[in-house]
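The structure appears below as structure tokens.
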Amino acid sequence: MKNTIVVPALGESVVEARIAHWLKKEGDKVEIGDILVELETEKVNVEVAAQGAGVLTKIVAPEEATVHIGDVIAEVDSSTQPAAAAREKEEALSQESRIESGRESIEAAEKEPDAGKEKATPVAKRVAAVSGLKVSQVAGSGFGGRVTKHDVEEYLAGNRLPEQAASPGRGPENGRQSRQPALEGKGREERVKMSMRRKTIARRMVEAQQAAAMLTTFNEIDMSRVMELRRKYEDQFKQKYGINLGIVSFFVKAVIAALREFPRLNAQIDGDDILYKYYYDIGVAIGAEEGLVVPVLRNADRMTFAEIDMAIKEFVDKSANGTLTLDDLRGGTFTITNGGVFGSMMSTPILNPPQVAILGLHKISERPVVQNGQIVVRPMMYVAMTYDHRIVDGRESVQFLVKVKEFIEDPAAMLLE
């Protein structure tokens, strides 16, 4: 009996996907729960598992093909399996148990002593698999030592040796390994198909530019008080919660306090109406390998500093692992993006529609400033807020950013909020 493999529901507002990678080929034997194919959507990657045992007889949609919900992408012939045995397996292993068992396998694998060598992003695994390479052979330069697509490509190009860390002090010539030109063997040009996420980012950025009247206002913030608080409580905070006290959590709290005074910056345009939102779902932009993602802190006004920092760390880990869910990315009323982690001194962030404001943070640098008639050195940060001038006036946007500045420069004032 032939069973068809179809594109499953992909989540809210997602209607199409791209066949990223077939893990099985025609003629392969499959068991219930085996992952057959990885689908790439505009938000997350989705794995499709076999619902029954048999042989993969036909792949209808090849890699790189665009497919839609309900499309048939493959056929599995279950006639090669004893009917009774197949029924027993199907009854014993429900969809929920397969998912749970997969989670347990992943958790168990990460607990193994050598599991760190197997850490790799989904794209890196895909590139390695196509090239017949084991990711354990490649030293990772990504978050937590994770192997990235760039690491695999560098390895394949002969620019990186097995287990060669991207740090000085290893190998000949004072730790400097001789490198071949990065473009060797690739010619003068290379055409690479955009990922679904990259295409979506490109489309949304253009739409944001065309649909909104974007304007950016700037200010600078003395980070002295925040830095002092972090130094004072960092050991106690890390001992209690197991994470570092971050910068972004202070801005999340300051933004929410300011939004209460300027609710229009937490609103959105809906036709000819302004839809005010009296809840605070704050998006935090994270730079992922396949493109920017903005997971959302739900009801962030009810979260403590520790809960915010732990949630952000979880989002970063999930982004690196490729395990962010659609629910993680859904909605959001205001966004914070931190280009400072990459060394940016100043930028103009683009709106994340349908939101009407986004706050950009930047690198903290010690600079001479004048305070009380004296030149002093202070850790300063430039901040930039882009807003939709259709419903947010210049006066209130400037006042909002000044309010954020006041809260950050005097964090104790946020307790009164």
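Residues in the structure tokens are named by chain (A, B, ... in the order shown) and by number from 1 within that chain; ligands are numbered from 1 in the order shown.
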Contact residues around Tyr387 of chain A with only C-alpha atoms at 10 Å, ignoring same-chain residues under 3 positions, as a CSV table (one decimal) with C-alpha atoms, in the first residue's frame:
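Okay, result.csv is ready:
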```csv
chain,number,residue,atom,x,y,z
A,212,ALA,CA,5.5,53.5,6.7
A,213,ALA,CA,6.7,57.0,7.0
A,214,MET,CA,9.9,56.1,8.9
A,215,LEU,CA,11.9,58.7,10.8
A,216,THR,CA,14.7,58.1,13.3
A,217,THR,CA,15.6,60.1,16.4
A,265,LEU,CA,4.4,53.8,20.4
A,349,PRO,CA,16.9,50.4,12.6
A,350,ILE,CA,14.1,49.5,10.2
A,351,LEU,CA,10.6,49.0,11.6
A,355,GLN,CA,4.8,47.7,15.0
A,356,VAL,CA,5.3,51.5,14.8
A,357,ALA,CA,8.6,51.8,16.7
A,358,ILE,CA,11.9,50.0,17.2
A,359,LEU,CA,14.8,50.9,19.5
A,384,ALA,CA,18.4,55.3,17.9
A,390,ARG,CA,2.0,58.5,10.4
A,391,ILE,CA,0.8,58.1,14.0
A,392,VAL,CA,3.8,59.0,16.1
A,393,ASP,CA,4.7,62.7,16.2
A,394,GLY,CA,8.3,63.9,16.5
A,397,SER,CA,9.1,60.2,19.9
```
Extract, using only C-alpha atoms, all DNA, RNA and protein residues at most 12 Å from Gly322 of chain A, discarding same-chain residues fewer than 6 positions from it, and format them as a PDB file with C-alpha atoms, in the first residue's frame.
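Generated output (out.pdb):
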```pdb
ATOM      1  CA  GLU A  38      13.578  19.183   6.222  1.00  0.00           C
ATOM      2  CA  GLU A  40      12.536  25.635   5.247  1.00  0.00           C
ATOM      3  CA  LYS A  43      10.320  31.665  10.008  1.00  0.00           C
ATOM      4  CA  VAL A  44      11.573  28.244  11.118  1.00  0.00           C
ATOM      5  CA  ASN A  45      12.658  24.909   9.681  1.00  0.00           C
ATOM      6  CA  VAL A  46      10.182  22.004   9.912  1.00  0.00           C
ATOM      7  CA  GLU A  47      11.047  18.299   9.894  1.00  0.00           C
ATOM      8  CA  LYS A 119      27.073  20.910  17.839  1.00  0.00           C
ATOM      9  CA  ALA A 120      26.245  22.448  14.490  1.00  0.00           C
ATOM     10  CA  THR A 121      23.615  24.666  12.943  1.00  0.00           C
ATOM     11  CA  PRO A 122      21.071  23.015  10.619  1.00  0.00           C
ATOM     12  CA  VAL A 123      22.643  24.717   7.601  1.00  0.00           C
ATOM     13  CA  ALA A 124      26.108  23.501   8.573  1.00  0.00           C
ATOM     14  CA  LYS A 125      24.825  19.938   8.976  1.00  0.00           C
ATOM     15  CA  ARG A 146      28.852  25.531  17.417  1.00  0.00           C
ATOM     16  CA  THR A 148      28.478  27.121  11.351  1.00  0.00           C
ATOM     17  CA  ALA A 288      21.065  34.049  13.394  1.00  0.00           C
ATOM     18  CA  GLU A 289      23.134  32.320  10.702  1.00  0.00           C
ATOM     19  CA  GLU A 290      20.257  32.262   8.215  1.00  0.00           C
ATOM     20  CA  GLY A 291      19.065  35.788   8.983  1.00  0.00           C
ATOM     21  CA  VAL A 293      14.974  36.607  13.943  1.00  0.00           C
ATOM     22  CA  GLU A 314      17.081  30.543  25.772  1.00  0.00           C
ATOM     23  CA  PHE A 315      16.176  32.368  22.536  1.00  0.00           C
ATOM     24  CA  VAL A 316      19.861  32.712  21.609  1.00  0.00           C
TER      25      VAL A 316
END
```
Could you list, as a ChimeraX atom specification, every residue within 10 Å of Pro263 of chain A, counting only C-alpha atoms and ignoring same-chain residues fewer than 2 positions away? /A:256,258-261,265-267,276-278,400
Give me, please, the distance in Å between atom CA of Gly140 of chain A and atom CA of Ala320 of chain A, quoted to one decimal.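 According to the coordinates, atom CA of Gly140 of chain A and atom CA of Ala320 of chain A are separated by 11.9 Å.
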What's around Lys240 of chain A at 12 Å? Count only C-alpha atoms, leave out sequence neighbours fewer than 5 positions away in its own chain, and write the answer as a list in words.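 Listing them by chain and then by number gives Tyr233, Glu234, Asp235, Leu245, Ala306 and Met310 of chain A.
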File of the preceding selection, N, CA and C atoms, as a PDB file, in the first residue's frame:
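This went into out.pdb:
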```
ATOM      1  N   TYR A 233      26.315  43.405  41.484  1.00  0.00           N
ATOM      2  CA  TYR A 233      25.479  42.225  41.713  1.00  0.00           C
ATOM      3  C   TYR A 233      25.793  41.049  40.780  1.00  0.00           C
ATOM      4  N   GLU A 234      26.802  41.177  39.901  1.00  0.00           N
ATOM      5  CA  GLU A 234      27.012  40.141  38.892  1.00  0.00           C
ATOM      6  C   GLU A 234      27.298  38.766  39.499  1.00  0.00           C
ATOM      7  N   ASP A 235      28.148  38.725  40.553  1.00  0.00           N
ATOM      8  CA  ASP A 235      28.476  37.427  41.154  1.00  0.00           C
ATOM      9  C   ASP A 235      27.257  36.820  41.833  1.00  0.00           C
ATOM     10  N   LEU A 245      23.979  38.992  34.347  1.00  0.00           N
ATOM     11  CA  LEU A 245      23.011  40.085  34.309  1.00  0.00           C
ATOM     12  C   LEU A 245      23.317  40.928  33.086  1.00  0.00           C
ATOM     13  N   ALA A 306      15.797  38.689  35.996  1.00  0.00           N
ATOM     14  CA  ALA A 306      16.330  37.344  35.801  1.00  0.00           C
ATOM     15  C   ALA A 306      15.521  36.582  34.762  1.00  0.00           C
ATOM     16  N   MET A 310      17.068  35.153  31.336  1.00  0.00           N
ATOM     17  CA  MET A 310      17.004  33.718  31.062  1.00  0.00           C
ATOM     18  C   MET A 310      16.253  33.437  29.771  1.00  0.00           C
TER      19      MET A 310
END
```
Skip Leu297 of chain A itself and residues of its chain fewer than 2 positions away, then list as a ChimeraX atom specification all residues within 9 Å of it, counting only C-alpha atoms. /A:280-284,295,299-300,303,308,311-312,328,332
Can you tell me, as a list in words, what residues are no more than 7 Å from Thr4 of chain A when counting only C-alpha atoms, ignoring any on the same chain fewer than 6 positions away? Val72, Ala74, Glu75 and Val76 of chain A
Once DSSP has gone over the backbone, tell me which residues of segment 145-311 of chain A are in strand (DSSP E or B), as a ChimeraX atom specification. /A:147,214-222,268-270,273-275,282-284,286-288,291-293,296-297
Residues within 8 Å of Val383 of chain A, please, as a PyMOL selection string. Count only C-alpha atoms; anything in the same chain fewer than 5 positions from it doesn't count. chain A and resi 218-221+346+359-362
Give me, please, the distance in Å between atom CA of Pro62 of chain A and atom CA of Gly27 of chain A, quoted to one decimal. 14.9 Å
For a test of reading the model, state the distance in Å between atom CA of Glu207 of chain A and atom CA of Glu63 of chain A, rounded to one decimal.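 Calculated distance between atom CA of Glu207 of chain A and atom CA of Glu63 of chain A is 28.5 Å.
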What are the DSSP helix (DSSP H, G or I) residues of segment 230-362 of chain A, as a PyMOL selection string? chain A and resi 230-241+248-261+263-266+300-302+305-321+326-329+339-342
Go through A:Val15, A:Met381, A:Ile286, A:Ala413 one by one, measure the shortest atom-to-atom distance of each to Lys253 of chain A using only C-alpha atoms, and give the residue with the smallest value.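 Checking each of A:Val15, A:Met381, A:Ile286, A:Ala413 against Lys253 of chain A, counting only C-alpha atoms, the winner is A:Ala413.
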